[in-house]
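Data block for input_37.txt (compact mmCIF, C-alpha atoms):
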# COMPACT_ATOMS: atom_id res chain seq x y z
CA MET P 1 23.97 16.62 120.70
CA ALA P 2 26.04 16.30 117.62
CA ALA P 3 24.79 18.24 114.64
CA ILE P 4 27.78 17.10 112.58
CA TYR P 5 28.66 13.42 112.53
CA SER P 6 31.83 13.33 110.46
CA LEU P 7 33.98 15.15 107.93
CA TYR P 8 35.89 13.70 104.97
CA ILE P 9 38.34 15.29 102.55
CA ILE P 10 39.26 13.38 99.41
CA ASN P 11 41.86 14.32 96.83
CA LYS P 12 41.20 14.60 93.10
CA SER P 13 41.89 10.90 92.48
CA GLY P 14 39.49 9.67 95.17
CA GLY P 15 41.97 8.96 97.97
CA LEU P 16 40.94 9.85 101.49
CA ILE P 17 43.32 12.50 102.87
CA PHE P 18 41.41 13.51 105.97
CA TYR P 19 38.71 11.91 108.10
CA LYS P 20 37.36 13.11 111.41
CA ASP P 21 34.51 11.67 113.40
CA TYR P 22 32.44 13.85 115.75
CA GLY P 23 30.44 11.22 117.55
CA SER P 24 28.59 8.86 115.24
CA ALA P 25 27.57 5.47 116.63
CA GLY P 26 30.29 2.90 115.94
CA ARG P 27 33.26 4.72 114.45
CA MET P 28 34.29 3.50 111.01
CA ASP P 29 37.65 1.77 110.80
CA THR P 30 40.40 3.03 108.49
CA ASN P 31 39.76 0.57 105.69
CA ASP P 32 36.03 1.29 105.62
CA SER P 33 36.54 5.04 105.59
CA LEU P 34 38.92 4.68 102.64
CA ARG P 35 36.41 2.52 100.78
CA VAL P 36 33.51 4.85 101.49
CA ALA P 37 35.56 7.84 100.30
CA SER P 38 36.51 6.27 96.99
CA LEU P 39 32.96 5.00 96.51
CA TRP P 40 31.68 8.53 96.98
CA HIS P 41 34.24 9.79 94.46
CA SER P 42 32.88 7.44 91.77
CA MET P 43 29.21 8.08 92.62
CA HIS P 44 29.92 11.78 92.29
CA ALA P 45 31.39 11.20 88.83
CA ILE P 46 28.53 8.95 87.67
CA SER P 47 25.92 11.46 88.80
CA GLN P 48 27.47 13.95 86.36
CA GLN P 49 27.10 11.49 83.47
CA LEU P 50 23.42 10.90 84.19
CA SER P 51 22.45 14.57 84.15
CA PRO P 52 19.56 15.41 81.81
CA VAL P 53 21.00 18.90 81.29
CA ALA P 54 24.56 19.91 80.37
CA GLY P 55 26.91 21.45 82.93
CA CYS P 56 26.41 19.14 85.90
CA SER P 57 29.09 19.25 88.59
CA GLY P 58 28.07 16.30 90.75
CA ILE P 59 26.05 15.62 93.90
CA GLU P 60 25.83 18.53 96.33
CA LEU P 61 23.39 17.08 98.84
CA LEU P 62 22.38 13.51 99.55
CA GLU P 63 19.38 13.05 101.83
CA ALA P 64 19.38 9.66 103.52
CA ASP P 65 16.88 8.37 106.09
CA THR P 66 19.06 9.19 109.11
CA PHE P 67 21.55 11.77 107.85
CA ASP P 68 22.30 14.43 105.24
CA LEU P 69 25.54 14.48 103.29
CA HIS P 70 26.71 17.84 101.95
CA CYS P 71 29.53 17.84 99.43
CA PHE P 72 31.66 20.68 98.13
CA GLN P 73 34.12 20.27 95.29
CA SER P 74 36.88 22.82 94.91
CA LEU P 75 38.11 23.95 91.49
CA THR P 76 41.12 21.64 91.75
CA GLY P 77 38.92 18.57 92.34
CA THR P 78 39.41 18.16 96.08
CA LYS P 79 36.10 17.15 97.64
CA PHE P 80 34.98 18.07 101.13
CA PHE P 81 31.95 16.34 102.52
CA VAL P 82 30.24 16.48 105.84
CA VAL P 83 27.72 14.05 107.31
CA CYS P 84 25.18 15.76 109.54
CA GLU P 85 21.74 15.40 111.06
CA PRO P 86 18.82 15.60 108.59
CA GLY P 87 17.78 19.17 107.91
CA THR P 88 20.91 20.86 109.26
CA GLN P 89 21.24 24.31 107.71
CA GLN P 90 24.27 26.34 106.62
CA MET P 91 26.43 23.37 105.79
CA GLU P 92 27.52 24.94 102.47
CA ALA P 93 28.91 27.89 104.43
CA LEU P 94 30.68 25.55 106.85
CA LEU P 95 32.26 23.63 103.94
CA LYS P 96 33.52 26.89 102.45
CA VAL P 97 35.07 27.81 105.81
CA ILE P 98 36.72 24.39 106.00
CA TYR P 99 38.06 24.90 102.48
CA GLU P 100 39.51 28.20 103.58
CA LEU P 101 41.18 26.52 106.56
CA TYR P 102 42.53 23.87 104.19
CA THR P 103 44.10 26.44 101.88
CA ASP P 104 45.52 28.42 104.82
CA TYR P 105 46.85 25.70 107.08
CA VAL P 106 47.45 22.76 104.75
CA LEU P 107 48.34 24.07 101.30
CA LYS P 108 50.51 26.87 102.68
CA ASN P 109 52.33 24.46 104.98
CA PRO P 110 55.78 23.94 103.41
CA PHE P 111 56.03 20.42 104.86
CA TYR P 112 52.75 19.24 103.37
CA GLU P 113 53.05 17.05 100.28
CA ILE P 114 50.14 17.66 97.94
CA GLU P 115 47.52 14.85 97.58
CA MET P 116 48.89 13.12 100.69
CA PRO P 117 47.06 12.56 104.02
CA ILE P 118 46.75 15.75 106.06
CA ARG P 119 48.78 15.83 109.27
CA CYS P 120 48.84 19.45 110.31
CA GLU P 121 48.37 20.36 113.93
CA LEU P 122 47.18 23.89 113.24
CA PHE P 123 44.58 22.64 110.77
CA ASP P 124 43.23 20.15 113.32
CA PHE P 125 43.09 22.82 115.99
CA ASN P 126 41.32 25.45 113.89
CA LEU P 127 38.97 22.88 112.41
CA SER P 128 37.78 21.64 115.78
CA GLN P 129 37.24 25.23 116.85
CA THR P 130 35.19 26.01 113.74
CA VAL P 131 33.05 22.90 114.06
CA GLN P 132 32.50 23.56 117.74
CA LYS P 133 31.55 27.16 117.06
CA ASP P 134 29.15 25.94 114.43
CA CYS P 135 27.58 23.47 116.85
CA VAL P 136 27.17 26.26 119.40
CA ALA P 137 25.53 28.49 116.81
CA LEU P 138 23.15 25.67 115.89
CA LEU P 139 22.30 25.02 119.53
CA GLY P 140 21.67 28.72 120.09
CA ARG P 141 19.03 28.93 117.37
CA MET Y 1 -9.42 4.47 88.64
CA GLN Y 2 -12.95 3.38 89.62
CA PHE Y 3 -12.46 0.02 87.88
CA PHE Y 4 -9.53 -0.95 90.07
CA GLY Y 5 -10.18 -0.44 93.73
CA GLY Y 6 -11.36 3.14 93.79
CA SER Y 7 -10.45 6.03 95.96
CA GLU Y 8 -10.31 4.23 99.32
CA ILE Y 9 -7.07 2.51 98.28
CA SER Y 10 -5.29 5.38 96.58
CA PRO Y 11 -4.85 8.51 98.64
CA SER Y 12 -5.83 11.76 96.99
CA PRO Y 13 -2.97 13.22 94.96
CA PRO Y 14 -0.62 15.33 97.09
CA ALA Y 15 -0.94 19.03 96.46
CA PRO Y 16 1.26 20.28 93.61
CA THR Y 17 4.32 22.16 94.87
CA ALA Y 18 4.37 24.67 92.02
CA SER Y 19 2.99 25.09 88.54
CA GLY Y 20 4.79 24.18 85.31
CA ASN Y 21 6.48 21.05 84.12
CA ASN Y 22 9.94 20.67 85.63
CA ALA Y 23 10.20 16.89 85.49
CA HIS Y 24 12.99 15.57 83.28
CA MET Y 25 12.52 11.80 83.31
CA MET Y 26 11.42 8.80 85.29
CA TYR Y 27 12.66 5.25 85.71
CA VAL Y 28 11.02 2.17 87.23
CA PHE Y 29 13.25 -0.81 88.03
CA ASN Y 30 12.35 -4.13 89.55
CA ARG Y 31 14.51 -5.82 92.18
CA ASN Y 32 16.61 -7.58 89.54
CA GLY Y 33 17.63 -4.32 87.90
CA VAL Y 34 15.40 -4.71 84.85
CA CYS Y 35 14.17 -1.34 83.64
CA LEU Y 36 10.38 -1.75 83.53
CA LEU Y 37 9.62 1.76 82.45
CA TYR Y 38 11.48 4.79 81.21
CA ARG Y 39 9.58 8.01 80.53
CA GLU Y 40 11.21 11.17 79.30
CA TRP Y 41 9.61 14.61 79.27
CA ASN Y 42 12.41 17.10 78.97
CA ARG Y 43 15.92 15.79 78.41
CA PRO Y 44 18.19 17.83 76.16
CA LEU Y 45 21.35 15.85 76.96
CA HIS Y 46 21.88 12.18 76.09
CA THR Y 47 25.40 11.01 76.83
CA LEU Y 48 24.82 7.24 76.51
CA ASN Y 49 22.48 4.90 74.66
CA ALA Y 50 19.30 3.91 76.48
CA GLN Y 51 20.45 0.51 77.75
CA GLN Y 52 23.77 1.83 79.09
CA ASP Y 53 21.96 4.72 80.71
CA HIS Y 54 19.54 2.41 82.56
CA LYS Y 55 22.37 0.17 83.70
CA LEU Y 56 24.37 3.13 84.99
CA MET Y 57 21.35 4.52 86.83
CA PHE Y 58 20.61 1.21 88.54
CA GLY Y 59 24.27 0.84 89.46
CA LEU Y 60 24.36 4.32 90.93
CA LEU Y 61 21.30 3.67 93.10
CA PHE Y 62 22.58 0.29 94.22
CA SER Y 63 25.96 1.69 95.22
CA LEU Y 64 24.53 4.78 96.87
CA LYS Y 65 22.29 2.53 98.93
CA SER Y 66 25.20 0.45 100.14
CA LEU Y 67 27.09 3.68 100.86
CA THR Y 68 24.28 5.12 102.99
CA ALA Y 69 23.82 1.77 104.77
CA LYS Y 70 27.51 1.80 105.66
CA MET Y 71 27.62 5.47 106.64
CA ASP Y 72 24.52 5.47 108.86
CA PRO Y 73 25.77 7.41 111.92
CA THR Y 74 22.91 6.36 114.20
CA ASN Y 75 23.49 2.62 113.99
CA ALA Y 76 26.61 0.87 115.30
CA GLU Y 77 25.83 -2.50 113.64
CA ARG Y 78 26.24 -1.75 109.98
CA GLY Y 79 27.83 -4.86 108.52
CA ASN Y 80 30.29 -4.71 105.66
CA LEU Y 81 30.33 -2.34 102.73
CA GLY Y 82 28.81 -3.79 99.57
CA VAL Y 83 26.81 -6.60 101.16
CA PRO Y 84 23.48 -6.78 99.25
CA GLN Y 85 20.63 -5.21 101.23
CA LEU Y 86 17.05 -6.43 101.17
CA PRO Y 87 14.42 -3.78 100.45
CA GLY Y 88 13.79 -1.87 103.67
CA GLN Y 89 16.94 -3.18 105.32
CA GLY Y 90 19.66 -0.75 106.39
CA CYS Y 91 19.68 3.01 106.00
CA SER Y 92 18.47 4.07 102.56
CA PHE Y 93 18.15 7.49 100.94
CA HIS Y 94 15.25 9.39 99.42
CA SER Y 95 16.85 12.04 97.24
CA PHE Y 96 20.01 13.71 96.08
CA ARG Y 97 20.57 17.05 94.45
CA THR Y 98 23.20 18.35 92.02
CA ASN Y 99 23.43 21.81 90.49
CA THR Y 100 21.41 20.71 87.43
CA TYR Y 101 18.87 18.16 88.70
CA LYS Y 102 17.29 16.51 91.70
CA LEU Y 103 16.74 12.78 91.85
CA SER Y 104 14.03 11.38 94.11
CA PHE Y 105 14.05 7.71 94.90
CA MET Y 106 11.60 5.29 96.43
CA GLU Y 107 11.79 1.55 96.97
CA SER Y 108 8.70 -0.54 97.64
CA PRO Y 109 8.79 -3.59 99.95
CA SER Y 110 8.77 -5.83 96.87
CA GLY Y 111 11.87 -4.11 95.50
CA ILE Y 112 10.24 -1.90 92.86
CA LYS Y 113 12.38 1.22 92.55
CA ILE Y 114 10.80 4.45 91.34
CA ILE Y 115 13.13 7.27 90.31
CA LEU Y 116 11.96 10.73 89.36
CA VAL Y 117 14.41 13.31 88.05
CA THR Y 118 13.28 16.93 88.35
CA HIS Y 119 14.50 20.50 88.53
CA PRO Y 120 17.06 20.97 91.38
CA ARG Y 121 14.81 23.32 93.32
CA THR Y 122 11.86 20.95 93.62
CA GLY Y 123 10.64 20.29 97.13
CA ASP Y 124 10.23 16.96 98.91
CA LEU Y 125 8.68 14.45 96.48
CA ARG Y 126 8.32 11.44 98.80
CA GLU Y 127 4.53 11.68 98.88
CA SER Y 128 4.38 12.12 95.11
CA LEU Y 129 6.46 8.98 94.59
CA LYS Y 130 4.10 7.09 96.88
CA TYR Y 131 1.23 8.28 94.73
CA ILE Y 132 3.04 7.14 91.57
CA TYR Y 133 3.56 3.78 93.24
CA ASN Y 134 -0.18 3.67 93.84
CA LEU Y 135 -0.74 4.33 90.14
CA TYR Y 136 1.64 1.47 89.40
CA VAL Y 137 -0.29 -0.86 91.69
CA ASP Y 138 -3.65 0.17 90.24
CA TYR Y 139 -2.82 0.18 86.56
CA VAL Y 140 0.08 -2.26 86.22
CA ALA Y 141 0.13 -4.78 89.07
CA LYS Y 142 -3.66 -5.25 88.87
CA ASN Y 143 -3.65 -5.53 85.10
CA PRO Y 144 -4.34 -9.21 84.28
CA LEU Y 145 -2.46 -8.95 80.99
CA TYR Y 146 0.75 -7.76 82.61
CA THR Y 147 3.46 -10.32 83.30
CA PRO Y 148 5.65 -9.27 86.25
CA GLY Y 149 9.25 -8.50 85.31
CA THR Y 150 8.49 -7.41 81.75
CA PRO Y 151 8.57 -3.82 80.47
CA ILE Y 152 5.36 -1.93 81.27
CA ARG Y 153 3.09 -1.31 78.28
CA CYS Y 154 -0.11 0.01 79.84
CA GLU Y 155 -1.62 2.98 78.09
CA LEU Y 156 -3.80 3.96 81.06
CA PHE Y 157 -0.79 3.98 83.36
CA ASN Y 158 1.20 6.17 80.99
CA THR Y 159 -1.58 8.72 80.51
CA ASN Y 160 -2.30 8.95 84.24
CA LEU Y 161 1.39 9.18 85.01
CA ASP Y 162 1.96 11.95 82.45
CA GLN Y 163 -1.00 13.84 83.80
CA TYR Y 164 0.13 13.53 87.39
CA VAL Y 165 3.79 14.37 86.74
CA ARG Y 166 2.70 17.46 84.82
CA SER Y 167 0.81 18.63 87.90
CA ILE Y 168 3.77 18.26 90.30
CA ALA Y 169 7.34 19.56 90.27
Starting from the file, give its structure as C-alpha cells.
Amino acid sequence: MAAIYSLYIINKSGGLIFYKDYGSAGRMDTNDSLRVASLWHSMHAISQQLSPVAGCSGIELLEADTFDLHCFQSLTGTKFFVVCEPGTQQMEALLKVIYELYTDYVLKNPFYEIEMPIRCELFDFNLSQTVQKDCVALLGR
Amino acid sequence: MQFFGGSEISPSPPAPTASGNNAHMMYVFNRNGVCLLYREWNRPLHTLNAQQDHKLMFGLLFSLKSLTAKMDPTNAERGNLGVPQLPGQGCSFHSFRTNTYKLSFMESPSGIKIILVTHPRTGDLRESLKYIYNLYVDYVAKNPLYTPGTPIRCELFNTNLDQYVRSIA
C-alpha cells in the first residue's frame, strides 16, 4: 500500500530539480514529469491572480478524483509537492520535513549548484527513510 | 420550483455546513468556455477586468484538468499531456484550496462547469454544487426563453441561487 505516490521539487523558475516515484501505475517519463512540473508552476501563479482577497500565496491542496496534491512553497520560491492517496493526513508536516532535509543535505552540500537538478546521495537516503517512516506511521494508525 | 418538475427531480438542499455568508463568487461556463453566469457576493480584490478574469479562470480549470488527467497515479493509460478531454473522461478534480480561498468545481456530462469560490475552511461542497446544477436545470435549461450558449438572464434562477448560496458555506 502506497500512501504517497510521488514527490516533486521545482525551482523558483519552474524547472523540475527532483522527482521521485513511490509506486504509481505507469511511471511518468522524464519529459512528461518536466512538463507537469512547469505546468504546476504556472497554475500556482495563476491561482494567486484569481484570488478574491489580497495576500494569496497559491494552491496548497488540490483534491482530484483519485489523488490529493499537497504543495509547499518555501520563502525562496522553491516548491515541494507530493501526490498521495485522497484524504491522507499530515502531508504539510511531511513537506516541512522534506524541506528541512533539502536545506541540510542539498543546500549545505558544497558541490551542489543552486537551481540545478538534485543529485545528492545523502538526500536520497534520508528522504527514502523519512517517507518510509511516514508510510509506517500511516499504516499503524 | 413547483412549476418545473417539482421536488421529485431536485433533491432536498444539502444541510448547510455553517452559518454566515462565506461565498466570494461563482462562475458558470459552457463547454466552449463562454462565461454564462458570473455572480459576486464578497470580492474586495479585482486584479483584472471581467472578461480577462473569466478567460483566466477557464484557462486555469482547463489546464488543471489536463494536469490531473496526466498525473492520475491509479491509471497507467493516461495519454499525452494537453490532449483535450471530453467531460467525464480522465481523472478530474473537485476542489483546490489556497491560503485565502477554496475553489470547488463541478462539470456536468454536457460540459457545463460550475465554479464556486468560498472561504478556505469550507467543507466539501460537491453536493451543494450538484444542487446548484439542479437549480440551473430547473430555472435555466427548462426556461423556454433561454437560448443555450448565451449569458443567463433568469431572475428566478438568480434569486434562488443567492438564497441557496447564503445558506451554505
(request) Identify all chain Y residues at most 8 Å from chain P by counting all atoms listed in the file; ligands do not count. Present them as a PyMOL selection string. (result) chain Y and resi 24+42-47+53+56-57+60+63-64+67-68+70-77+81+91-101
(request) Would you work out the distance separating atom CA of P:Asp104 from atom CA of P:Val131, expressed in Å to one decimal? (result) 16.5 Å
(message) Can you tell me which residues surround stretch 105-121 of chain P at a distance of at most 9 Å, considering only C-alpha atoms, apart from same-chain residues fewer than 4 positions away, and format the answer as a list in words?
(response)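 The contact residues come out as Ile10, Asn11, Lys12, Ser13, Gly15, Leu16, Ile17, Phe18, Thr78, Glu100, Leu101, Phe125 and Asn126 of chain P.
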(request) Take atom CA of Y:Pro120 and atom CA of Y:Asn22 and report the distance between them in Å, one decimal. (result) 9.2 Å
(message) Ranking P:Tyr102, P:Leu7, P:Phe81, P:Lys133 by minimum distance to P:Tyr19 and counting only C-alpha atoms, which one comes first?
(response)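 With only C-alpha atoms as the atom set, the closest residue is P:Leu7.
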(message) Rounded to one decimal, what separation in Å do you get between atom CA of Y:Gly88 and atom CA of Y:Pro109?
(response) 6.5 Å
(message) Could you list, as an MDAnalysis selection string, every residue within 10 Å of Y:Leu156, counting all atoms listed in the file and ignoring same-chain residues fewer than 6 positions away?
(response) chainID Y and resid 1 135 138:140 162
Would you list the residues near (-0.1, 11.3, 88.0) (no more than 10 Å away, in the coordinates of the file, using only C-alpha atoms) as an mmCIF file with C-alpha atoms, keeping the file's coordinate frame?
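Produced file part00.cif, reproduced below:
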data_model
loop_
_atom_site.group_PDB
_atom_site.id
_atom_site.type_symbol
_atom_site.label_atom_id
_atom_site.label_comp_id
_atom_site.auth_asym_id
_atom_site.auth_seq_id
_atom_site.Cartn_x
_atom_site.Cartn_y
_atom_site.Cartn_z
ATOM 1 C CA PRO Y 13 -2.970 13.220 94.960
ATOM 2 C CA PRO Y 14 -0.620 15.330 97.090
ATOM 3 C CA SER Y 128 4.380 12.120 95.110
ATOM 4 C CA LEU Y 129 6.460 8.980 94.590
ATOM 5 C CA TYR Y 131 1.230 8.280 94.730
ATOM 6 C CA ILE Y 132 3.040 7.140 91.570
ATOM 7 C CA TYR Y 133 3.560 3.780 93.240
ATOM 8 C CA ASN Y 134 -0.180 3.670 93.840
ATOM 9 C CA LEU Y 135 -0.740 4.330 90.140
ATOM 10 C CA PHE Y 157 -0.790 3.980 83.360
ATOM 11 C CA ASN Y 158 1.200 6.170 80.990
ATOM 12 C CA THR Y 159 -1.580 8.720 80.510
ATOM 13 C CA ASN Y 160 -2.300 8.950 84.240
ATOM 14 C CA LEU Y 161 1.390 9.180 85.010
ATOM 15 C CA ASP Y 162 1.960 11.950 82.450
ATOM 16 C CA GLN Y 163 -1.000 13.840 83.800
ATOM 17 C CA TYR Y 164 0.130 13.530 87.390
ATOM 18 C CA VAL Y 165 3.790 14.370 86.740
ATOM 19 C CA ARG Y 166 2.700 17.460 84.820
ATOM 20 C CA SER Y 167 0.810 18.630 87.900
ATOM 21 C CA ILE Y 168 3.770 18.260 90.300
#
Extract stretch 90-112 of chain P from the structure I just pasted (atoms: N, CA, C and O atoms) and return it as an mmCIF file, in the first residue's frame.
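Generated file (out31.cif):
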data_model
loop_
_atom_site.group_PDB
_atom_site.id
_atom_site.type_symbol
_atom_site.label_atom_id
_atom_site.label_comp_id
_atom_site.auth_asym_id
_atom_site.auth_seq_id
_atom_site.Cartn_x
_atom_site.Cartn_y
_atom_site.Cartn_z
ATOM 1 N N GLN P 90 -1.517 14.802 7.496
ATOM 2 C CA GLN P 90 -0.161 15.176 7.911
ATOM 3 C C GLN P 90 0.820 15.341 6.759
ATOM 4 O O GLN P 90 2.016 15.133 6.936
ATOM 5 N N MET P 91 0.311 15.698 5.595
ATOM 6 C CA MET P 91 1.224 15.890 4.478
ATOM 7 C C MET P 91 1.972 17.223 4.599
ATOM 8 O O MET P 91 3.090 17.345 4.121
ATOM 9 N N GLU P 92 1.350 18.220 5.231
ATOM 10 C CA GLU P 92 2.030 19.509 5.433
ATOM 11 C C GLU P 92 3.287 19.278 6.276
ATOM 12 O O GLU P 92 4.356 19.799 5.967
ATOM 13 N N ALA P 93 3.125 18.469 7.332
ATOM 14 C CA ALA P 93 4.261 18.180 8.209
ATOM 15 C C ALA P 93 5.354 17.447 7.441
ATOM 16 O O ALA P 93 6.543 17.768 7.570
ATOM 17 N N LEU P 94 4.938 16.491 6.605
ATOM 18 C CA LEU P 94 5.919 15.741 5.815
ATOM 19 C C LEU P 94 6.682 16.676 4.877
ATOM 20 O O LEU P 94 7.902 16.586 4.746
ATOM 21 N N LEU P 95 5.965 17.610 4.246
ATOM 22 C CA LEU P 95 6.613 18.547 3.319
ATOM 23 C C LEU P 95 7.617 19.435 4.056
ATOM 24 O O LEU P 95 8.685 19.744 3.523
ATOM 25 N N LYS P 96 7.282 19.817 5.264
ATOM 26 C CA LYS P 96 8.211 20.628 6.065
ATOM 27 C C LYS P 96 9.471 19.823 6.382
ATOM 28 O O LYS P 96 10.583 20.349 6.335
ATOM 29 N N VAL P 97 9.280 18.528 6.704
ATOM 30 C CA VAL P 97 10.438 17.674 6.991
ATOM 31 C C VAL P 97 11.300 17.536 5.741
ATOM 32 O O VAL P 97 12.536 17.611 5.800
ATOM 33 N N ILE P 98 10.656 17.373 4.597
ATOM 34 C CA ILE P 98 11.406 17.251 3.338
ATOM 35 C C ILE P 98 12.175 18.543 3.050
ATOM 36 O O ILE P 98 13.322 18.515 2.605
ATOM 37 N N TYR P 99 11.551 19.672 3.358
ATOM 38 C CA TYR P 99 12.225 20.959 3.179
ATOM 39 C C TYR P 99 13.462 21.045 4.064
ATOM 40 O O TYR P 99 14.524 21.520 3.647
ATOM 41 N N GLU P 100 13.313 20.547 5.276
ATOM 42 C CA GLU P 100 14.442 20.541 6.202
ATOM 43 C C GLU P 100 15.577 19.674 5.655
ATOM 44 O O GLU P 100 16.753 20.084 5.684
ATOM 45 N N LEU P 101 15.217 18.503 5.126
ATOM 46 C CA LEU P 101 16.226 17.621 4.531
ATOM 47 C C LEU P 101 16.908 18.317 3.360
ATOM 48 O O LEU P 101 18.118 18.219 3.173
ATOM 49 N N TYR P 102 16.102 19.045 2.582
ATOM 50 C CA TYR P 102 16.638 19.767 1.421
ATOM 51 C C TYR P 102 17.649 20.818 1.858
ATOM 52 O O TYR P 102 18.736 20.920 1.285
ATOM 53 N N THR P 103 17.309 21.584 2.892
ATOM 54 C CA THR P 103 18.267 22.605 3.346
ATOM 55 C C THR P 103 19.524 21.949 3.928
ATOM 56 O O THR P 103 20.629 22.430 3.706
ATOM 57 N N ASP P 104 19.344 20.823 4.636
ATOM 58 C CA ASP P 104 20.500 20.192 5.286
ATOM 59 C C ASP P 104 21.412 19.478 4.294
ATOM 60 O O ASP P 104 22.624 19.641 4.344
ATOM 61 N N TYR P 105 20.802 18.675 3.410
ATOM 62 C CA TYR P 105 21.639 17.785 2.598
ATOM 63 C C TYR P 105 21.876 18.299 1.179
ATOM 64 O O TYR P 105 22.762 17.817 0.505
ATOM 65 N N VAL P 106 21.092 19.260 0.734
ATOM 66 C CA VAL P 106 21.276 19.758 -0.628
ATOM 67 C C VAL P 106 21.925 21.140 -0.593
ATOM 68 O O VAL P 106 22.976 21.355 -1.182
ATOM 69 N N LEU P 107 21.303 22.070 0.110
ATOM 70 C CA LEU P 107 21.818 23.435 0.095
ATOM 71 C C LEU P 107 23.169 23.547 0.800
ATOM 72 O O LEU P 107 23.995 24.382 0.443
ATOM 73 N N LYS P 108 23.398 22.701 1.795
ATOM 74 C CA LYS P 108 24.680 22.769 2.508
ATOM 75 C C LYS P 108 25.751 21.906 1.855
ATOM 76 O O LYS P 108 26.859 21.810 2.356
ATOM 77 N N ASN P 109 25.393 21.247 0.755
ATOM 78 C CA ASN P 109 26.365 20.444 0.025
ATOM 79 C C ASN P 109 27.211 21.372 -0.844
ATOM 80 O O ASN P 109 26.687 22.055 -1.721
ATOM 81 N N PRO P 110 28.511 21.441 -0.632
ATOM 82 C CA PRO P 110 29.345 22.390 -1.375
ATOM 83 C C PRO P 110 29.416 22.088 -2.874
ATOM 84 O O PRO P 110 29.770 22.961 -3.662
ATOM 85 N N PHE P 111 29.077 20.877 -3.275
ATOM 86 C CA PHE P 111 29.151 20.527 -4.696
ATOM 87 C C PHE P 111 27.831 20.743 -5.423
ATOM 88 O O PHE P 111 27.736 20.530 -6.614
ATOM 89 N N TYR P 112 26.812 21.156 -4.669
ATOM 90 C CA TYR P 112 25.510 21.370 -5.313
ATOM 91 C C TYR P 112 25.437 22.777 -5.900
ATOM 92 O O TYR P 112 25.734 23.761 -5.230
#
